[in-house]
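Engineer: Pasting a structure below so you can have a look.
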Amino acid sequence: MSRDDERRTNTAHILNEKRRLSPPMTDDEARRKMAGYSRRGFLIGGLAALAGLLGWRWMSDETKLALYRRTFEFNEAVSQSLYSPLRLAPEFPPERVSPRRVNGMEGLEGEVDLSTFRLAVGGLAGRADDLLLTLDDIKNLPRTEMITELKCIEGWSVIVQWAGVRFADLAAAYNTGDLPPYVSLSTPDQKYFVGWDMPSIMHPQTLLAYEMNGAPLLPEHGAPIRLASTTKYGIKQIKRIGRIEFTSERPRDYWAESGYDWYAGH
Amino acid sequence: MRIRGCAGYAFAHVRDIGLLNYNRVIDLFMAKQIETKHTLAIRWLHWVNFPLLAMMIWSGLLIYWANPVYGLKVFGYELFHFFPQSFYDGLGIPYRLAEGLQIHFFFMWLFVVNGLAYVVYLVMSGEWRAILPVPGSLPRAVRVALHDAHIVKTVPPQGKYNDAQRIAYTSVIVMGAGSVMSGLAIYKPLQLAWLTTIFGGYEWARWVHFWLTIAFVLFFFIHVIQVAIAGWGNFRSMITGRDLVEAEPTAPGAGEAEASI
């Protein structure tokens, strides 16, 4: 292919790529003009880069943290506005269940005596004191099973077979009034605690689980009862629940207090 | 060579005007033109993308550290694991997952807005014509690579960009879209379950997200090396938008028309 042929197949012509050319000028004039463009371009670009860099440096850690927290809240509002309780996470066949993986032992010190175990439920409409439920009370509610993927905020995931009671079924059985916007859950020793928004905890794939992979929950997985959900990361799926409280105030959350997203929702 | 060409041109047209064509003579001195290569929007969107992408990759590293499972494997043998401990320690990455998530989910908005603005601008302005691969781009891009490697001497055709650049700059847009999509698939695997399913599930979405990031880093290094090789004029054109080019010989009577553009 000759040079002239190359020119004709110049890629610029194929899509009518436009060239924007100034009128011809002398070498001197061109250089002078280019020097002017360079001065302006590098000055504005340099100043913009410097402003960005210094602005970022100058911003205090507190300001940044506040900015990030507000962004988490903004992202939460966007998620909530697009949230639909009808959407379900995929379920898996039993052969896809992963080897179990233990992570997070906060609030699991000591042992739970099943004969004296009671799940306290507070904040029920028209009731000042806590409702105390035995494990059998909970097991008498409709049983739900699901094989779903648990996602850890660290980035890994496991497929787990759960059995338990839909939180929504517990709420329907014991909380006949209007539901407040939040639920707070904590371990018996109060050392681990999570806050949930009502739509996520009322999702059909949010269970108060008492069985995992076909057997009663092991202590390290949250015996006798824990949350299992497709709507949030594992940090929100609190093990060994001691108390549940319906509340109109946004509850404290263990990991949110270390800078993680309070909502942490899928 | 230019002077000879112009003089030839001028003499060929002497009979038309009886004397030397004024334009042709002027041509001898008016040897340069200033070409506007990158518009103001392209330059700002390009440079703003640089720190945004850097922050996305940096915060991505802080997040990836918490579950660093990928490696470069050949026939089951791992050649390189992402990443060695010295890499994490050297950059101060360990135990900053929460911070990584904070940064990632803040800058994602800016990264997406800037990227969308870029794509919309390319479409609206017609600048896409300079970037989209055209029929025959792939074989010509191979010739560009061979030429760059000093294996082939013939210079491949070049518009604003050559075919290798067209493919690279279009790919990087597709990669950006892929990163955003796979990111959303990891971020909202329940509300966007359909998207996660398209990626083959949560684990594969994370795999895609990781490898696209590696591809971005490779793109960055090749891009910087190529810019360094292409020289100052080319780099300056991304700052000023303009480049100095040799003037094309004026067609008869075209001088006035060009001047009025």
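In the structure tokens, chains take the letters A, B, ... in the order shown, each chain's residues start at 1, and ligands count up from 1 in the order shown.
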Residues of chain A no more than 6 Å from chain B, counting only C-alpha atoms: send them over as a PDB file with N, CA and C atoms, in the first residue's frame.
Structural biologist:
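File written: part-v3.pdb
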```
ATOM      1  N   GLU A   6      -2.745   5.100   1.764  1.00  0.00           N
ATOM      2  CA  GLU A   6      -2.891   5.205   3.219  1.00  0.00           C
ATOM      3  C   GLU A   6      -3.695   6.448   3.582  1.00  0.00           C
ATOM      4  N   ASN A  10      -7.174   6.823   5.565  1.00  0.00           N
ATOM      5  CA  ASN A  10      -7.027   7.488   6.858  1.00  0.00           C
ATOM      6  C   ASN A  10      -8.323   7.351   7.649  1.00  0.00           C
ATOM      7  N   THR A  11      -8.179   6.820   8.872  1.00  0.00           N
ATOM      8  CA  THR A  11      -9.367   6.519   9.666  1.00  0.00           C
ATOM      9  C   THR A  11     -10.233   7.742   9.910  1.00  0.00           C
ATOM     10  N   ALA A  12      -9.641   8.931   9.796  1.00  0.00           N
ATOM     11  CA  ALA A  12     -10.404  10.153  10.056  1.00  0.00           C
ATOM     12  C   ALA A  12     -11.555  10.309   9.075  1.00  0.00           C
ATOM     13  N   LEU A  15     -15.446   7.931   9.358  1.00  0.00           N
ATOM     14  CA  LEU A  15     -16.623   8.390  10.107  1.00  0.00           C
ATOM     15  C   LEU A  15     -16.799   9.906  10.018  1.00  0.00           C
ATOM     16  N   GLU A  17     -14.732  12.156  10.633  1.00  0.00           N
ATOM     17  CA  GLU A  17     -14.105  12.821  11.774  1.00  0.00           C
ATOM     18  C   GLU A  17     -13.697  14.232  11.344  1.00  0.00           C
ATOM     19  N   ARG A  20     -10.355  20.488  13.219  1.00  0.00           N
ATOM     20  CA  ARG A  20     -10.569  21.922  13.482  1.00  0.00           C
ATOM     21  C   ARG A  20      -9.223  22.623  13.357  1.00  0.00           C
ATOM     22  N   LEU A  21      -9.020  23.278  12.195  1.00  0.00           N
ATOM     23  CA  LEU A  21      -7.730  23.910  11.923  1.00  0.00           C
ATOM     24  C   LEU A  21      -7.864  25.421  11.883  1.00  0.00           C
ATOM     25  N   SER A  22      -6.900  26.086  12.446  1.00  0.00           N
ATOM     26  CA  SER A  22      -6.860  27.550  12.377  1.00  0.00           C
ATOM     27  C   SER A  22      -6.417  27.948  10.968  1.00  0.00           C
ATOM     28  N   PRO A  23      -6.577  29.199  10.594  1.00  0.00           N
ATOM     29  CA  PRO A  23      -5.987  29.643   9.321  1.00  0.00           C
ATOM     30  C   PRO A  23      -4.485  29.464   9.397  1.00  0.00           C
ATOM     31  N   PRO A  24      -3.826  29.305   8.241  1.00  0.00           N
ATOM     32  CA  PRO A  24      -2.366  29.167   8.267  1.00  0.00           C
ATOM     33  C   PRO A  24      -1.731  30.423   8.832  1.00  0.00           C
ATOM     34  N   MET A  25      -0.610  30.268   9.475  1.00  0.00           N
ATOM     35  CA  MET A  25       0.090  31.423  10.041  1.00  0.00           C
ATOM     36  C   MET A  25       1.589  31.162   9.996  1.00  0.00           C
ATOM     37  N   THR A  26       2.333  32.196  10.275  1.00  0.00           N
ATOM     38  CA  THR A  26       3.785  32.026  10.241  1.00  0.00           C
ATOM     39  C   THR A  26       4.234  31.224  11.450  1.00  0.00           C
ATOM     40  N   ASP A  27       5.415  30.700  11.312  1.00  0.00           N
ATOM     41  CA  ASP A  27       6.008  29.909  12.370  1.00  0.00           C
ATOM     42  C   ASP A  27       6.036  30.686  13.677  1.00  0.00           C
ATOM     43  N   TYR A  37      -1.475  29.735  24.720  1.00  0.00           N
ATOM     44  CA  TYR A  37      -2.399  28.647  25.097  1.00  0.00           C
ATOM     45  C   TYR A  37      -1.797  27.800  26.214  1.00  0.00           C
ATOM     46  N   SER A  38      -0.499  27.526  26.085  1.00  0.00           N
ATOM     47  CA  SER A  38       0.179  26.695  27.086  1.00  0.00           C
ATOM     48  C   SER A  38       0.140  27.367  28.444  1.00  0.00           C
ATOM     49  N   GLY A  41      -3.386  27.192  29.742  1.00  0.00           N
ATOM     50  CA  GLY A  41      -3.794  25.807  30.032  1.00  0.00           C
ATOM     51  C   GLY A  41      -3.108  25.252  31.264  1.00  0.00           C
ATOM     52  N   TYR A  68     -18.564  11.264  54.647  1.00  0.00           N
ATOM     53  CA  TYR A  68     -18.797   9.853  54.323  1.00  0.00           C
ATOM     54  C   TYR A  68     -20.089   9.353  54.975  1.00  0.00           C
ATOM     55  N   ALA A  89     -33.904 -12.582  46.844  1.00  0.00           N
ATOM     56  CA  ALA A  89     -32.586 -13.047  46.437  1.00  0.00           C
ATOM     57  C   ALA A  89     -32.729 -14.496  45.964  1.00  0.00           C
ATOM     58  N   GLU A 154     -16.628  -8.290  54.340  1.00  0.00           N
ATOM     59  CA  GLU A 154     -15.223  -8.445  53.948  1.00  0.00           C
ATOM     60  C   GLU A 154     -15.073  -8.843  52.481  1.00  0.00           C
ATOM     61  N   GLY A 155     -16.163  -9.376  51.892  1.00  0.00           N
ATOM     62  CA  GLY A 155     -16.094  -9.710  50.475  1.00  0.00           C
ATOM     63  C   GLY A 155     -16.321 -11.173  50.143  1.00  0.00           C
ATOM     64  N   GLY A 259     -17.467   3.014  61.873  1.00  0.00           N
ATOM     65  CA  GLY A 259     -17.339   3.634  60.554  1.00  0.00           C
ATOM     66  C   GLY A 259     -17.972   2.872  59.404  1.00  0.00           C
ATOM     67  N   TYR A 260     -18.627   1.730  59.709  1.00  0.00           N
ATOM     68  CA  TYR A 260     -19.301   0.994  58.638  1.00  0.00           C
ATOM     69  C   TYR A 260     -20.685   1.593  58.395  1.00  0.00           C
ATOM     70  N   HIS A 266     -28.479  -4.833  51.046  1.00  0.00           N
ATOM     71  CA  HIS A 266     -28.309  -5.329  49.681  1.00  0.00           C
ATOM     72  C   HIS A 266     -29.448  -4.871  48.775  1.00  0.00           C
TER      73      HIS A 266
END
```
Engineer: Which residues in stretch 39-238 of chain A does DSSP call alpha helix (DSSP H)? List them as an mmCIF file with N, CA and C atoms, in the first residue's frame.
Structural biologist:
```
data_model
loop_
_atom_site.group_PDB
_atom_site.id
_atom_site.type_symbol
_atom_site.label_atom_id
_atom_site.label_comp_id
_atom_site.auth_asym_id
_atom_site.auth_seq_id
_atom_site.Cartn_x
_atom_site.Cartn_y
_atom_site.Cartn_z
ATOM 1 N N ARG A 39 0.517 28.664 28.458
ATOM 2 C CA ARG A 39 0.516 29.393 29.731
ATOM 3 C C ARG A 39 -0.839 29.278 30.399
ATOM 4 N N ARG A 40 -1.893 29.590 29.618
ATOM 5 C CA ARG A 40 -3.244 29.582 30.185
ATOM 6 C C ARG A 40 -3.627 28.176 30.645
ATOM 7 N N GLY A 41 -3.386 27.192 29.742
ATOM 8 C CA GLY A 41 -3.794 25.807 30.032
ATOM 9 C C GLY A 41 -3.108 25.252 31.264
ATOM 10 N N PHE A 42 -1.769 25.414 31.306
ATOM 11 C CA PHE A 42 -1.029 24.839 32.437
ATOM 12 C C PHE A 42 -1.317 25.598 33.729
ATOM 13 N N LEU A 43 -1.561 26.907 33.594
ATOM 14 C CA LEU A 43 -1.865 27.697 34.790
ATOM 15 C C LEU A 43 -3.213 27.261 35.383
ATOM 16 N N ILE A 44 -4.239 27.228 34.536
ATOM 17 C CA ILE A 44 -5.567 26.849 35.026
ATOM 18 C C ILE A 44 -5.564 25.397 35.511
ATOM 19 N N GLY A 45 -4.959 24.512 34.698
ATOM 20 C CA GLY A 45 -4.899 23.096 35.079
ATOM 21 C C GLY A 45 -4.136 22.906 36.376
ATOM 22 N N GLY A 46 -2.977 23.588 36.466
ATOM 23 C CA GLY A 46 -2.155 23.468 37.679
ATOM 24 C C GLY A 46 -2.890 23.976 38.899
ATOM 25 N N LEU A 47 -3.568 25.121 38.744
ATOM 26 C CA LEU A 47 -4.304 25.689 39.868
ATOM 27 C C LEU A 47 -5.447 24.759 40.291
ATOM 28 N N ALA A 48 -6.147 24.206 39.295
ATOM 29 C CA ALA A 48 -7.258 23.301 39.606
ATOM 30 C C ALA A 48 -6.747 22.070 40.351
ATOM 31 N N ALA A 49 -5.632 21.514 39.877
ATOM 32 C CA ALA A 49 -5.055 20.330 40.524
ATOM 33 C C ALA A 49 -4.610 20.661 41.941
ATOM 34 N N LEU A 50 -3.980 21.833 42.077
ATOM 35 C CA LEU A 50 -3.492 22.260 43.387
ATOM 36 C C LEU A 50 -4.659 22.493 44.339
ATOM 37 N N ALA A 51 -5.697 23.159 43.827
ATOM 38 C CA ALA A 51 -6.876 23.436 44.656
ATOM 39 C C ALA A 51 -7.500 22.133 45.134
ATOM 40 N N GLY A 52 -7.620 21.165 44.219
ATOM 41 C CA GLY A 52 -8.191 19.867 44.586
ATOM 42 C C GLY A 52 -7.356 19.182 45.655
ATOM 43 N N LEU A 53 -6.047 19.175 45.421
ATOM 44 C CA LEU A 53 -5.127 18.486 46.334
ATOM 45 C C LEU A 53 -5.112 19.157 47.712
ATOM 46 N N LEU A 54 -4.934 20.493 47.702
ATOM 47 C CA LEU A 54 -4.874 21.224 48.973
ATOM 48 C C LEU A 54 -6.212 21.149 49.694
ATOM 49 N N GLY A 55 -7.312 21.272 48.926
ATOM 50 C CA GLY A 55 -8.650 21.184 49.526
ATOM 51 C C GLY A 55 -8.825 19.860 50.240
ATOM 52 N N TRP A 56 -8.363 18.784 49.604
ATOM 53 C CA TRP A 56 -8.494 17.440 50.185
ATOM 54 C C TRP A 56 -7.636 17.302 51.439
ATOM 55 N N ARG A 57 -6.408 17.889 51.356
ATOM 56 C CA ARG A 57 -5.479 17.831 52.489
ATOM 57 C C ARG A 57 -5.995 18.676 53.659
ATOM 58 N N TRP A 58 -6.523 19.838 53.278
ATOM 59 C CA TRP A 58 -6.959 20.811 54.292
ATOM 60 C C TRP A 58 -8.177 20.303 55.041
ATOM 61 N N ASP A 61 -10.102 15.288 59.210
ATOM 62 C CA ASP A 61 -10.625 13.924 59.245
ATOM 63 C C ASP A 61 -12.084 13.908 59.682
ATOM 64 N N GLU A 62 -12.422 14.807 60.620
ATOM 65 C CA GLU A 62 -13.809 14.862 61.102
ATOM 66 C C GLU A 62 -14.759 15.252 59.967
ATOM 67 N N THR A 63 -14.321 16.253 59.184
ATOM 68 C CA THR A 63 -15.147 16.700 58.056
ATOM 69 C C THR A 63 -15.332 15.562 57.065
ATOM 70 N N LYS A 64 -14.230 14.851 56.806
ATOM 71 C CA LYS A 64 -14.313 13.734 55.864
ATOM 72 C C LYS A 64 -15.260 12.658 56.378
ATOM 73 N N LEU A 65 -15.121 12.335 57.668
ATOM 74 C CA LEU A 65 -15.989 11.304 58.245
ATOM 75 C C LEU A 65 -17.455 11.721 58.167
ATOM 76 N N ALA A 66 -17.707 13.009 58.448
ATOM 77 C CA ALA A 66 -19.087 13.505 58.366
ATOM 78 C C ALA A 66 -19.592 13.401 56.927
ATOM 79 N N LEU A 67 -18.703 13.718 55.989
ATOM 80 C CA LEU A 67 -19.062 13.641 54.568
ATOM 81 C C LEU A 67 -19.407 12.203 54.184
ATOM 82 N N TYR A 68 -18.564 11.264 54.647
ATOM 83 C CA TYR A 68 -18.797 9.853 54.323
ATOM 84 C C TYR A 68 -20.089 9.353 54.975
ATOM 85 N N ARG A 69 -20.321 9.788 56.231
ATOM 86 C CA ARG A 69 -21.531 9.325 56.919
ATOM 87 C C ARG A 69 -22.771 9.835 56.203
ATOM 88 N N ARG A 70 -22.703 11.115 55.795
ATOM 89 C CA ARG A 70 -23.836 11.696 55.061
ATOM 90 C C ARG A 70 -24.040 10.958 53.742
ATOM 91 N N THR A 71 -22.924 10.567 53.120
ATOM 92 C CA THR A 71 -23.040 9.835 51.847
ATOM 93 C C THR A 71 -23.691 8.470 52.078
ATOM 94 N N PHE A 72 -23.275 7.793 53.169
ATOM 95 C CA PHE A 72 -23.924 6.514 53.509
ATOM 96 C C PHE A 72 -25.428 6.710 53.674
ATOM 97 N N GLU A 73 -25.801 7.812 54.347
ATOM 98 C CA GLU A 73 -27.232 8.076 54.572
ATOM 99 C C GLU A 73 -27.944 8.398 53.266
ATOM 100 N N PHE A 74 -27.237 9.133 52.410
ATOM 101 C CA PHE A 74 -27.804 9.448 51.097
ATOM 102 C C PHE A 74 -27.993 8.158 50.287
ATOM 103 N N ASN A 75 -26.957 7.304 50.291
ATOM 104 C CA ASN A 75 -27.057 6.025 49.574
ATOM 105 C C ASN A 75 -28.192 5.188 50.128
ATOM 106 N N GLU A 76 -28.352 5.239 51.472
ATOM 107 C CA GLU A 76 -29.437 4.504 52.118
ATOM 108 C C GLU A 76 -30.793 5.012 51.618
ATOM 109 N N ALA A 77 -30.934 6.350 51.539
ATOM 110 C CA ALA A 77 -32.201 6.929 51.075
ATOM 111 C C ALA A 77 -32.485 6.506 49.632
ATOM 112 N N VAL A 78 -31.427 6.483 48.806
ATOM 113 C CA VAL A 78 -31.609 6.055 47.415
ATOM 114 C C VAL A 78 -32.057 4.594 47.381
ATOM 115 N N SER A 79 -31.363 3.739 48.174
ATOM 116 C CA SER A 79 -31.719 2.320 48.229
ATOM 117 C C SER A 79 -33.163 2.133 48.703
ATOM 118 N N GLN A 80 -33.523 2.862 49.769
ATOM 119 C CA GLN A 80 -34.863 2.719 50.349
ATOM 120 C C GLN A 80 -35.932 3.119 49.337
ATOM 121 N N SER A 81 -35.648 4.200 48.583
ATOM 122 C CA SER A 81 -36.669 4.672 47.649
ATOM 123 C C SER A 81 -36.849 3.681 46.507
ATOM 124 N N LEU A 82 -35.808 2.874 46.250
ATOM 125 C CA LEU A 82 -35.920 1.880 45.169
ATOM 126 C C LEU A 82 -36.246 0.502 45.714
ATOM 127 N N LEU A 135 -37.797 -20.769 73.500
ATOM 128 C CA LEU A 135 -37.461 -21.250 72.168
ATOM 129 C C LEU A 135 -38.643 -22.007 71.553
ATOM 130 N N ASP A 136 -39.382 -22.736 72.419
ATOM 131 C CA ASP A 136 -40.548 -23.468 71.914
ATOM 132 C C ASP A 136 -41.633 -22.518 71.410
ATOM 133 N N ASP A 137 -41.812 -21.390 72.117
ATOM 134 C CA ASP A 137 -42.782 -20.391 71.644
ATOM 135 C C ASP A 137 -42.453 -19.986 70.216
ATOM 136 N N ILE A 138 -41.159 -19.774 69.979
ATOM 137 C CA ILE A 138 -40.724 -19.328 68.647
ATOM 138 C C ILE A 138 -40.900 -20.452 67.624
ATOM 139 N N LYS A 139 -40.546 -21.678 68.057
ATOM 140 C CA LYS A 139 -40.659 -22.816 67.127
ATOM 141 C C LYS A 139 -42.116 -23.135 66.801
ATOM 142 N N PHE A 167 -39.152 -13.080 60.566
ATOM 143 C CA PHE A 167 -39.349 -12.008 61.536
ATOM 144 C C PHE A 167 -40.746 -11.427 61.363
ATOM 145 N N ALA A 168 -41.188 -11.339 60.108
ATOM 146 C CA ALA A 168 -42.522 -10.792 59.820
ATOM 147 C C ALA A 168 -43.611 -11.622 60.493
ATOM 148 N N ASP A 169 -43.401 -12.944 60.587
ATOM 149 C CA ASP A 169 -44.397 -13.809 61.244
ATOM 150 C C ASP A 169 -44.425 -13.563 62.748
ATOM 151 N N LEU A 170 -43.237 -13.368 63.337
ATOM 152 C CA LEU A 170 -43.180 -13.039 64.764
ATOM 153 C C LEU A 170 -43.881 -11.714 65.028
ATOM 154 N N ALA A 171 -43.598 -10.725 64.160
ATOM 155 C CA ALA A 171 -44.217 -9.406 64.331
ATOM 156 C C ALA A 171 -45.731 -9.514 64.195
ATOM 157 N N ALA A 172 -46.173 -10.306 63.227
ATOM 158 C CA ALA A 172 -47.618 -10.449 63.014
ATOM 159 C C ALA A 172 -48.277 -11.121 64.210
ATOM 160 N N ALA A 173 -47.558 -12.070 64.844
ATOM 161 C CA ALA A 173 -48.135 -12.821 65.963
ATOM 162 C C ALA A 173 -48.207 -11.983 67.237
ATOM 163 N N TYR A 174 -47.224 -11.125 67.445
ATOM 164 C CA TYR A 174 -47.142 -10.455 68.752
ATOM 165 C C TYR A 174 -47.282 -8.943 68.712
ATOM 166 N N MET A 198 -37.264 -1.114 59.362
ATOM 167 C CA MET A 198 -38.416 -2.022 59.342
ATOM 168 C C MET A 198 -38.599 -2.751 58.002
ATOM 169 N N PRO A 199 -38.495 -2.058 56.845
ATOM 170 C CA PRO A 199 -38.709 -2.789 55.586
ATOM 171 C C PRO A 199 -37.753 -3.976 55.419
ATOM 172 N N SER A 200 -36.486 -3.831 55.806
ATOM 173 C CA SER A 200 -35.531 -4.920 55.607
ATOM 174 C C SER A 200 -35.799 -6.089 56.543
ATOM 175 N N ILE A 201 -36.178 -5.772 57.804
ATOM 176 C CA ILE A 201 -36.371 -6.873 58.751
ATOM 177 C C ILE A 201 -37.708 -7.571 58.507
#
```
Engineer: Within 12 Å of B:Asp148, counting only C-alpha atoms, which residues show up once you throw out same-chain ones fewer than 4 positions away? Write them as a list in words, please.
Structural biologist: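 After dropping sequence-adjacent residues, the list is Ala141, Val142, Arg143, Val144, Val152, Lys153, Thr154, Val155, Pro156, Asn162, Ala164, Ile225, Gln226, Ile229 and Ala230 of chain B.
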Engineer: Fewer than 5 positions away in the same chain doesn't count, so skip those; otherwise give me all residues within 9 Å of A:Ile225, counting only C-alpha atoms, as a PyMOL selection string.
Structural biologist: chain A and resi 119+135+164+208-211+217+239-242
Engineer: Residues of the last selection are to be written out with C-alpha atoms, as an mmCIF file, in the first residue's frame.
Structural biologist:
```cif
data_model
loop_
_atom_site.group_PDB
_atom_site.id
_atom_site.type_symbol
_atom_site.label_atom_id
_atom_site.label_comp_id
_atom_site.auth_asym_id
_atom_site.auth_seq_id
_atom_site.Cartn_x
_atom_site.Cartn_y
_atom_site.Cartn_z
ATOM 1 C CA LEU A 119 -36.082 -14.008 74.103
ATOM 2 C CA LEU A 135 -37.461 -21.250 72.168
ATOM 3 C CA GLY A 164 -36.503 -20.554 61.453
ATOM 4 C CA LEU A 208 -35.106 -15.661 63.237
ATOM 5 C CA ALA A 209 -33.126 -18.805 62.521
ATOM 6 C CA TYR A 210 -32.739 -21.732 64.945
ATOM 7 C CA GLU A 211 -31.339 -24.291 62.480
ATOM 8 C CA LEU A 217 -27.500 -23.759 65.492
ATOM 9 C CA LYS A 239 -26.062 -14.158 66.618
ATOM 10 C CA ARG A 240 -27.460 -15.251 69.993
ATOM 11 C CA ILE A 241 -30.247 -12.701 70.173
ATOM 12 C CA GLY A 242 -31.221 -11.788 73.751
#
```
Engineer: If you run DSSP on this backbone, which residues of stretch 62-155 of chain A come out as strand (DSSP E), and could you give them as a list of chain:residue names?
Structural biologist: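 Those in stretch 62-155 of chain A that DSSP calls strand (DSSP E) are A:Leu119, A:Ala120, A:Val121, A:Gly122, A:Leu131, A:Leu132, A:Leu133, A:Thr144, A:Glu145, A:Met146, A:Ile147, A:Thr148, A:Glu149, A:Leu150, A:Lys151.
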Engineer: Since we have the selection now, will you write its residues out, keeping N, CA and C atoms, as a compact mmCIF listing (two decimals), in the first residue's frame?
Structural biologist:
```txt
# COMPACT_ATOMS: atom_id res chain seq x y z
N LEU A 119 -36.29 -15.12 75.04
CA LEU A 119 -36.08 -14.01 74.10
C LEU A 119 -37.00 -12.87 74.54
N ALA A 120 -36.40 -11.74 74.89
CA ALA A 120 -37.20 -10.59 75.32
C ALA A 120 -37.58 -9.75 74.10
N VAL A 121 -38.86 -9.41 74.02
CA VAL A 121 -39.33 -8.56 72.93
C VAL A 121 -39.95 -7.31 73.53
N GLY A 122 -39.35 -6.15 73.26
CA GLY A 122 -39.83 -4.89 73.83
C GLY A 122 -40.38 -3.96 72.78
N LEU A 131 -42.09 -8.76 76.41
CA LEU A 131 -42.68 -10.08 76.23
C LEU A 131 -41.54 -11.09 76.28
N LEU A 132 -41.68 -12.16 77.06
CA LEU A 132 -40.60 -13.14 77.16
C LEU A 132 -41.03 -14.43 76.46
N LEU A 133 -40.22 -14.84 75.47
CA LEU A 133 -40.56 -16.02 74.68
C LEU A 133 -39.53 -17.12 74.89
N THR A 144 -40.04 -21.55 58.42
CA THR A 144 -39.64 -21.20 57.05
C THR A 144 -38.21 -21.70 56.83
N GLU A 145 -37.97 -22.27 55.64
CA GLU A 145 -36.62 -22.70 55.30
C GLU A 145 -36.16 -21.96 54.06
N MET A 146 -34.89 -21.70 54.03
CA MET A 146 -34.33 -21.10 52.80
C MET A 146 -32.85 -21.46 52.68
N ILE A 147 -32.41 -21.63 51.42
CA ILE A 147 -30.98 -21.85 51.17
C ILE A 147 -30.50 -20.63 50.39
N THR A 148 -29.77 -19.78 51.08
CA THR A 148 -29.41 -18.49 50.50
C THR A 148 -27.93 -18.19 50.74
N GLU A 149 -27.48 -17.14 50.07
CA GLU A 149 -26.08 -16.76 50.14
C GLU A 149 -25.89 -15.69 51.23
N LEU A 150 -25.04 -15.99 52.18
CA LEU A 150 -24.71 -14.99 53.21
C LEU A 150 -23.47 -14.25 52.74
N LYS A 151 -23.58 -12.92 52.67
CA LYS A 151 -22.45 -12.11 52.21
C LYS A 151 -21.81 -11.39 53.37
```
